[in-house]
Structure formats: structure tokens, C-alpha cells
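Each remark here refers to the structure printed beneath this line.
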Amino acid sequence: MGHNHHHSDPSQIGERRLWWAVLANILLTFAQIIGGAVSGSLSLIADALHNFSDAASLLIALVAIRIGRKPPDQFKTFGYKRAETVAALINLTTLIIIGLYLCYEAIMRFITPEPVAGWMVVIVAGIALAVDVFTALLTYSQSKTSMNIKAAFLHNVTDALASVGVIIAGTLILLYGWVWTDAAMTLLISVYVLYQGFTETPKVIHLLMEGAPKGLNMQNVTSVMEAVEGVLNVHHVHVWQLDEHRNALEAHVVLEKEADMDALKKCLKKLLQDKFEIEHSTLEFENNICSSHSDLRNV
């Protein structure tokens, strides 16, 4: 009976949370744009742009989740789960673009400073911080197991930190009249945004390039397979990630003359699943007598 409990589908729970996060970020974006225009704060406008990217990233994540649920078909025989990886790449790319834009704007504001109404900055940024923390909490649990949600989560986390920075800048402007802190804080925010984007993007690209699972030693996989009784040699080994949670392998396996191919097939597949978490394996068996590959069987 426990299998019918609604918590058995975390993606649907995560989808509902994402919708709440989208709504919160859209409302916040409008509030920050108005507040930034009234106060003349660049850092508040920058935070609004980042919040808008949050809403967009969450929508992209939602669309990817929907697409990822589609079952395999004749066009996508492994299914559509990688749509979430593509969404993560889109979101991380926009994160980097926003970071570069904020760097440019901050430098320009250093060159040509403008007056900033500190009290308006602090009030709006305080509201933004509350919303950012709320949306980050909504996506935190799913971010641990999904690149797609993690990319959206990073947008929220960087936004929360940006809001803290904006509050600090606004307070310093109120207390000491240090208008330059607005541009300085914007520059710090942009550097952190770029750091997050450039750190996570290679991981997503690695998966899209069908890279081997992290921490998997190819030589170790081959050695373990060759240690099975009846296996003489394993070559042409390829291991890649179908998506974040499924690994695949294909390999040529040379058998001893009297080896039971069916029994070895079951043994090797179970070994790969249990020891290396490779759930999809394609093994091409070769008879040791015919090394020229004239006697091949795909299983």
C-alpha cells in the first residue's frame, strides 16, 4: 500500500513547488523594477533582472520536467529525460550572460555615478530577500538529485545573496552617503553569478557529451568483468550516462570455448548493475576460436 502514497512521485511534488516559485519571482520582479526606477539603484535593477531570470529558469525547468516524463518512442528510444539536462544548460548559460551584463553595468556606474535613494533600496531588497529564501527552500530538496532543478535553485540562491548585498549597499548609502557601494555590490554579485555558472556548466556539458559517470574507472570495470569465470577478454568498452540517474555500457566479451553464454550474460549484467550502477548494458559476445568476429552475437 505504501507504493501508492503520493510522495512516490517526487517530480510532481517538485512541479507544484516550482509553480509557486515562478509566481513569487514574477511578482517580485515587478516590485524591484518599480523600486529600482524610483530609487535610482542599479543594484536593485540588477537584482530585478536576476529575479526575472529566476522566473524564466523555473519555467524552463517545468517544461523540461513535463517533456522528460514522455516515454521512449521511435524517435527517442532512450526517452526524453535529457530534456532536463538541456534545460539546465540553457539556465546556466543565461546565468553567465546576466553575470557578464551586470559586470558591464557596474563598471559603467563606477565611471558615471548616479544618486541612489537608500531607504527605497533597503525596503524592496528586504522583501526580495524573503521571497528569494522562500523560493530557494521550495527547490532545495529536488536540487540534490536534478541538474535541471539545481540550475534553477542556483538562480534563487544567487538572488538571495544579491538581495543581502543590496540591503548592505542601501544601508551604507543611508548612513554614510557612499553611493559607490551600489556599483561595488553589483560587481560582487556578478562575480558570484559567473562563478556559479562556470562551475556547473562543465558538468552539464559532460553529460550531454555522453561522458563516463563521475568516479567510474574504466579499467576497473574491464578488470572486474574479466575476473568472471568463463570470460577471457573484454574490449571495446564504452560507458556513458543516459541521463543523471542512468548509466549505460557496451562492450565486446571474448568467452572461453566451453563457456555458457546465457549464464555469463546474466552474471555480467547483474555484476555491472550491482557494482557500478550500470542498468543498461549491451554485450557483444565473441567465441575465442573465431577472433576475426565472424561469429558474433548481440544480446
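Letters A, B, ... go to the chains of the C-alpha cells in the order shown; residues in each chain start at 1; ligands are counted from 1 in the same order.
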
Do you know which residues are at most 9 Å from Thr85 (chain A) counting only C-alpha atoms, after dropping those on the same chain fewer than 3 positions away, and could you put them as a PyMOL selection string? chain A and resi 64+81-82+88-90+146-148+204-205+207-208+243-244

Write to file, as a PDB file, in the first residue's frame, the residues of the selection just made, with N, CA and C atoms.
ATOM      1  N   ALA A  64      10.807  21.307 -19.034  1.00  0.00           N
ATOM      2  CA  ALA A  64      11.709  20.157 -19.182  1.00  0.00           C
ATOM      3  C   ALA A  64      11.214  18.950 -18.395  1.00  0.00           C
ATOM      4  N   LYS A  81      14.333  12.075 -21.056  1.00  0.00           N
ATOM      5  CA  LYS A  81      14.818  12.574 -19.772  1.00  0.00           C
ATOM      6  C   LYS A  81      15.906  13.635 -19.924  1.00  0.00           C
ATOM      7  N   ARG A  82      16.674  13.576 -20.997  1.00  0.00           N
ATOM      8  CA  ARG A  82      17.752  14.554 -21.176  1.00  0.00           C
ATOM      9  C   ARG A  82      17.234  15.964 -21.463  1.00  0.00           C
ATOM     10  N   ALA A  88      18.916  22.646 -18.060  1.00  0.00           N
ATOM     11  CA  ALA A  88      19.962  23.096 -17.137  1.00  0.00           C
ATOM     12  C   ALA A  88      21.018  23.903 -17.872  1.00  0.00           C
ATOM     13  N   LEU A  89      21.402  23.447 -19.072  1.00  0.00           N
ATOM     14  CA  LEU A  89      22.404  24.174 -19.862  1.00  0.00           C
ATOM     15  C   LEU A  89      21.885  25.554 -20.265  1.00  0.00           C
ATOM     16  N   ILE A  90      20.617  25.633 -20.651  1.00  0.00           N
ATOM     17  CA  ILE A  90      20.026  26.922 -21.024  1.00  0.00           C
ATOM     18  C   ILE A  90      20.043  27.871 -19.831  1.00  0.00           C
ATOM     19  N   SER A 146      18.782  16.610  -9.249  1.00  0.00           N
ATOM     20  CA  SER A 146      18.455  17.021 -10.609  1.00  0.00           C
ATOM     21  C   SER A 146      19.283  18.241 -11.025  1.00  0.00           C
ATOM     22  N   MET A 147      20.042  18.095 -12.126  1.00  0.00           N
ATOM     23  CA  MET A 147      20.785  19.229 -12.669  1.00  0.00           C
ATOM     24  C   MET A 147      19.830  20.344 -13.080  1.00  0.00           C
ATOM     25  N   ASN A 148      18.701  19.941 -13.620  1.00  0.00           N
ATOM     26  CA  ASN A 148      17.698  20.891 -14.068  1.00  0.00           C
ATOM     27  C   ASN A 148      17.236  21.773 -12.910  1.00  0.00           C
ATOM     28  N   VAL A 204      27.178  19.764 -16.844  1.00  0.00           N
ATOM     29  CA  VAL A 204      26.055  19.541 -17.753  1.00  0.00           C
ATOM     30  C   VAL A 204      26.566  19.160 -19.148  1.00  0.00           C
ATOM     31  N   ILE A 205      27.593  19.859 -19.610  1.00  0.00           N
ATOM     32  CA  ILE A 205      28.159  19.565 -20.923  1.00  0.00           C
ATOM     33  C   ILE A 205      28.733  18.142 -20.948  1.00  0.00           C
ATOM     34  N   LEU A 207      27.661  15.541 -19.406  1.00  0.00           N
ATOM     35  CA  LEU A 207      26.566  14.589 -19.564  1.00  0.00           C
ATOM     36  C   LEU A 207      26.043  14.607 -21.001  1.00  0.00           C
ATOM     37  N   LEU A 208      25.890  15.793 -21.576  1.00  0.00           N
ATOM     38  CA  LEU A 208      25.397  15.895 -22.947  1.00  0.00           C
ATOM     39  C   LEU A 208      26.381  15.312 -23.955  1.00  0.00           C
ATOM     40  N   ASP A 243      21.253   9.671 -18.678  1.00  0.00           N
ATOM     41  CA  ASP A 243      20.810  10.907 -18.034  1.00  0.00           C
ATOM     42  C   ASP A 243      21.482  10.957 -16.673  1.00  0.00           C
ATOM     43  N   GLU A 244      21.010  11.798 -15.781  1.00  0.00           N
ATOM     44  CA  GLU A 244      21.682  11.966 -14.489  1.00  0.00           C
ATOM     45  C   GLU A 244      21.666  10.714 -13.629  1.00  0.00           C
TER      46      GLU A 244
END

Shell around Thr135 (chain A) at 8 Å using only C-alpha atoms, local window under 5 positions removed, as a PDB file with C-alpha atoms, in the first residue's frame:
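Writing done, so here's result_33.pdb:
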ATOM      1  CA  TRP A  20       4.705  28.667  -6.536  1.00  0.00           C
ATOM      2  CA  ALA A  21       8.295  29.809  -7.022  1.00  0.00           C
ATOM      3  CA  ALA A  24       6.624  34.629  -6.377  1.00  0.00           C
ATOM      4  CA  ASN A  25       9.524  35.621  -8.644  1.00  0.00           C
ATOM      5  CA  ASN A 156      17.459  31.576  -6.431  1.00  0.00           C
TER       6      ASN A 156
END

Apply DSSP to the backbone of this structure and, from region 51-234 of chain A, keep only the residues in helix (DSSP H, G or I); write these as number ranges by chain. A: 51-68, 83-111, 118-143, 147-176, 180-208, 218-226

Suppose we keep C-alpha atoms; can you now write the selection as a compact mmCIF listing (two decimals), in the first residue's frame?
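part.txt was written with the following content:
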# COMPACT_ATOMS: atom_id res chain seq x y z
CA ASN A 51 14.77 37.62 -10.44
CA PHE A 52 13.27 37.74 -13.92
CA SER A 53 15.84 35.17 -14.99
CA ASP A 54 14.79 33.11 -11.95
CA ALA A 55 11.19 33.08 -13.13
CA ALA A 56 12.31 32.17 -16.66
CA SER A 57 14.64 29.45 -15.40
CA LEU A 58 11.88 27.94 -13.29
CA LEU A 59 9.51 27.92 -16.26
CA ILE A 60 12.17 26.25 -18.40
CA ALA A 61 12.69 23.67 -15.66
CA LEU A 62 8.94 23.00 -15.54
CA VAL A 63 8.71 22.50 -19.29
CA ALA A 64 11.71 20.16 -19.18
CA ILE A 65 10.12 18.09 -16.40
CA ARG A 66 6.98 17.68 -18.49
CA ILE A 67 8.97 16.67 -21.57
CA GLY A 68 11.18 14.34 -19.52
CA ALA A 83 15.38 17.44 -21.82
CA GLU A 84 16.08 18.39 -18.20
CA THR A 85 19.81 18.44 -18.91
CA VAL A 86 19.26 20.71 -21.91
CA ALA A 87 17.15 22.98 -19.68
CA ALA A 88 19.96 23.10 -17.14
CA LEU A 89 22.40 24.17 -19.86
CA ILE A 90 20.03 26.92 -21.02
CA ASN A 91 19.58 28.21 -17.48
CA LEU A 92 23.27 28.17 -16.69
CA THR A 93 24.06 29.95 -19.96
CA THR A 94 21.58 32.72 -19.12
CA LEU A 95 23.12 32.92 -15.67
CA ILE A 96 26.53 33.59 -17.23
CA ILE A 97 25.11 36.15 -19.67
CA ILE A 98 23.42 38.01 -16.82
CA GLY A 99 26.65 37.94 -14.81
CA LEU A 100 28.59 39.49 -17.70
CA TYR A 101 25.93 42.15 -18.21
CA LEU A 102 25.97 43.08 -14.52
CA CYS A 103 29.77 43.39 -14.63
CA TYR A 104 29.49 45.84 -17.50
CA GLU A 105 26.77 47.91 -15.81
CA ALA A 106 28.67 48.04 -12.52
CA ILE A 107 31.84 49.28 -14.24
CA MET A 108 29.86 51.95 -16.11
CA ARG A 109 28.24 53.09 -12.84
CA PHE A 110 31.71 53.48 -11.30
CA ILE A 111 32.64 55.74 -14.21
CA GLY A 118 18.92 54.21 0.09
CA TRP A 119 15.69 53.79 2.03
CA MET A 120 13.77 52.50 -1.02
CA VAL A 121 16.62 50.10 -1.81
CA VAL A 122 16.59 48.60 1.69
CA ILE A 123 12.80 48.14 1.81
CA VAL A 124 12.44 46.50 -1.62
CA ALA A 125 15.58 44.38 -1.17
CA GLY A 126 14.26 43.17 2.19
CA ILE A 127 11.06 41.97 0.54
CA ALA A 128 13.15 40.39 -2.23
CA LEU A 129 15.28 38.52 0.29
CA ALA A 130 12.19 36.99 1.90
CA VAL A 131 10.87 35.84 -1.49
CA ASP A 132 14.30 34.54 -2.57
CA VAL A 133 14.66 32.45 0.58
CA PHE A 134 11.11 31.15 0.11
CA THR A 135 11.70 30.06 -3.49
CA ALA A 136 15.12 28.57 -2.69
CA LEU A 137 13.55 26.43 0.04
CA LEU A 138 10.89 25.24 -2.43
CA THR A 139 13.52 23.91 -4.83
CA TYR A 140 16.25 22.80 -2.40
CA SER A 141 15.30 19.14 -1.95
CA GLN A 142 14.91 18.50 -5.71
CA SER A 143 18.19 20.30 -6.47
CA MET A 147 20.79 19.23 -12.67
CA ASN A 148 17.70 20.89 -14.07
CA ILE A 149 16.34 21.91 -10.66
CA LYS A 150 19.83 22.68 -9.36
CA ALA A 151 20.34 25.24 -12.13
CA ALA A 152 17.06 26.91 -11.17
CA PHE A 153 17.99 26.63 -7.48
CA LEU A 154 21.31 28.38 -8.13
CA HIS A 155 19.43 31.27 -9.68
CA ASN A 156 17.46 31.58 -6.43
CA VAL A 157 20.47 31.25 -4.15
CA THR A 158 22.48 33.86 -6.02
CA ASP A 159 19.43 36.12 -5.94
CA ALA A 160 19.13 35.73 -2.17
CA LEU A 161 22.78 36.69 -1.78
CA ALA A 162 22.25 39.58 -4.17
CA SER A 163 19.38 40.84 -2.03
CA VAL A 164 21.62 40.73 1.03
CA GLY A 165 24.21 42.72 -0.88
CA VAL A 166 21.64 45.28 -2.00
CA ILE A 167 20.45 45.73 1.60
CA ILE A 168 24.05 46.31 2.73
CA ALA A 169 24.62 48.82 -0.07
CA GLY A 170 21.39 50.67 0.72
CA THR A 171 22.25 50.82 4.41
CA LEU A 172 25.72 52.24 3.71
CA ILE A 173 24.20 54.85 1.41
CA LEU A 174 21.74 55.86 4.14
CA LEU A 175 24.37 56.01 6.89
CA TYR A 176 27.39 57.42 5.08
CA TRP A 180 29.70 53.86 -4.89
CA THR A 181 28.73 50.84 -2.75
CA ASP A 182 25.75 50.26 -5.07
CA ALA A 183 28.06 49.64 -8.03
CA ALA A 184 30.55 47.73 -5.88
CA MET A 185 27.86 45.38 -4.62
CA THR A 186 26.58 44.86 -8.17
CA LEU A 187 30.11 43.88 -9.21
CA LEU A 188 30.40 41.40 -6.34
CA ILE A 189 27.01 39.89 -7.23
CA SER A 190 28.06 39.49 -10.87
CA VAL A 191 31.32 37.77 -9.91
CA TYR A 192 29.45 35.25 -7.77
CA VAL A 193 26.89 34.65 -10.52
CA LEU A 194 29.68 33.98 -13.02
CA TYR A 195 31.43 31.66 -10.57
CA GLN A 196 28.30 29.54 -10.16
CA GLY A 197 27.64 29.47 -13.89
CA PHE A 198 31.16 28.47 -14.91
CA THR A 199 31.35 25.86 -12.13
CA GLU A 200 28.15 23.99 -13.01
CA THR A 201 28.17 24.28 -16.81
CA PRO A 202 31.03 21.77 -17.43
CA LYS A 203 29.08 19.09 -15.52
CA VAL A 204 26.05 19.54 -17.75
CA ILE A 205 28.16 19.56 -20.92
CA HIS A 206 29.92 16.37 -19.77
CA LEU A 207 26.57 14.59 -19.56
CA LEU A 208 25.40 15.89 -22.95
CA MET A 218 37.06 2.19 -16.95
CA GLN A 219 40.00 -0.11 -16.27
CA ASN A 220 38.32 -1.27 -13.08
CA VAL A 221 35.13 -2.12 -14.97
CA THR A 222 37.09 -4.16 -17.52
CA SER A 223 39.10 -5.96 -14.82
CA VAL A 224 36.01 -6.92 -12.85
CA MET A 225 34.32 -8.31 -15.95
CA GLU A 226 37.43 -10.26 -16.98

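CA of Val228 (chain A) sits 14.5 Å away from CA of Lys257 (chain A).
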
Quick one: residues within 10 Å of Lys270 (chain A), only C-alpha atoms, excluding same-chain residues fewer than 6 positions away - as a count of residues only? 6

From the set A:Ala227, A:Val254, A:Leu216, A:Met261, which residue has the shortest atom-to-atom contact distance to Trp240 (chain A), counting only C-alpha atoms?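 Selected residue with least distance to Trp240 (chain A): A:Leu216.
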
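Picture a line from CA of Leu249 (chain A) to CA of Val237 (chain A); it runs 7.2 Å.
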
Contacts of Asp260 (chain A) within 12 Å, only C-alpha atoms, excl. fewer than 6 positions in-chain, as a VMD selection string: chain A and resid 229 to 231 254 266 to 267 285 287

I need the strand (DSSP E) residues of region 17-250 of chain A per DSSP on the backbone, written as a PyMOL selection string. chain A and resi 231-241+247-250

Writer output for current selection, N, CA and C atoms, as a PDB file, in the first residue's frame:
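Contents of selection03.pdb, as written:
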ATOM      1  N   VAL A 231      35.186 -15.819 -18.856  1.00  0.00           N
ATOM      2  CA  VAL A 231      35.488 -14.641 -19.682  1.00  0.00           C
ATOM      3  C   VAL A 231      36.997 -14.561 -19.891  1.00  0.00           C
ATOM      4  N   LEU A 232      37.425 -14.552 -21.137  1.00  0.00           N
ATOM      5  CA  LEU A 232      38.850 -14.461 -21.450  1.00  0.00           C
ATOM      6  C   LEU A 232      39.314 -13.016 -21.588  1.00  0.00           C
ATOM      7  N   ASN A 233      38.486 -12.194 -22.225  1.00  0.00           N
ATOM      8  CA  ASN A 233      38.910 -10.834 -22.517  1.00  0.00           C
ATOM      9  C   ASN A 233      37.690  -9.940 -22.728  1.00  0.00           C
ATOM     10  N   VAL A 234      37.850  -8.670 -22.341  1.00  0.00           N
ATOM     11  CA  VAL A 234      36.801  -7.674 -22.579  1.00  0.00           C
ATOM     12  C   VAL A 234      37.449  -6.473 -23.259  1.00  0.00           C
ATOM     13  N   HIS A 235      36.914  -6.050 -24.407  1.00  0.00           N
ATOM     14  CA  HIS A 235      37.474  -4.908 -25.112  1.00  0.00           C
ATOM     15  C   HIS A 235      36.354  -4.074 -25.737  1.00  0.00           C
ATOM     16  N   HIS A 236      36.761  -2.992 -26.404  1.00  0.00           N
ATOM     17  CA  HIS A 236      35.794  -2.062 -26.993  1.00  0.00           C
ATOM     18  C   HIS A 236      34.729  -1.666 -25.961  1.00  0.00           C
ATOM     19  N   VAL A 237      35.184  -1.257 -24.790  1.00  0.00           N
ATOM     20  CA  VAL A 237      34.274  -0.892 -23.701  1.00  0.00           C
ATOM     21  C   VAL A 237      33.917   0.597 -23.794  1.00  0.00           C
ATOM     22  N   HIS A 238      32.632   0.876 -23.746  1.00  0.00           N
ATOM     23  CA  HIS A 238      32.141   2.252 -23.748  1.00  0.00           C
ATOM     24  C   HIS A 238      31.118   2.399 -22.618  1.00  0.00           C
ATOM     25  N   VAL A 239      31.325   3.403 -21.786  1.00  0.00           N
ATOM     26  CA  VAL A 239      30.401   3.677 -20.694  1.00  0.00           C
ATOM     27  C   VAL A 239      29.997   5.143 -20.776  1.00  0.00           C
ATOM     28  N   TRP A 240      28.712   5.405 -20.654  1.00  0.00           N
ATOM     29  CA  TRP A 240      28.234   6.781 -20.707  1.00  0.00           C
ATOM     30  C   TRP A 240      26.980   6.931 -19.856  1.00  0.00           C
ATOM     31  N   GLN A 241      26.569   8.192 -19.669  1.00  0.00           N
ATOM     32  CA  GLN A 241      25.371   8.496 -18.892  1.00  0.00           C
ATOM     33  C   GLN A 241      24.205   8.755 -19.839  1.00  0.00           C
ATOM     34  N   ASN A 247      23.073   4.913 -16.118  1.00  0.00           N
ATOM     35  CA  ASN A 247      24.338   4.700 -16.821  1.00  0.00           C
ATOM     36  C   ASN A 247      24.203   3.540 -17.796  1.00  0.00           C
ATOM     37  N   ALA A 248      24.965   3.594 -18.877  1.00  0.00           N
ATOM     38  CA  ALA A 248      24.901   2.550 -19.901  1.00  0.00           C
ATOM     39  C   ALA A 248      26.304   2.086 -20.269  1.00  0.00           C
ATOM     40  N   LEU A 249      26.380   0.851 -20.758  1.00  0.00           N
ATOM     41  CA  LEU A 249      27.662   0.270 -21.172  1.00  0.00           C
ATOM     42  C   LEU A 249      27.449  -0.610 -22.385  1.00  0.00           C
ATOM     43  N   GLU A 250      28.441  -0.589 -23.277  1.00  0.00           N
ATOM     44  CA  GLU A 250      28.504  -1.584 -24.340  1.00  0.00           C
ATOM     45  C   GLU A 250      29.935  -2.096 -24.407  1.00  0.00           C
TER      46      GLU A 250
END
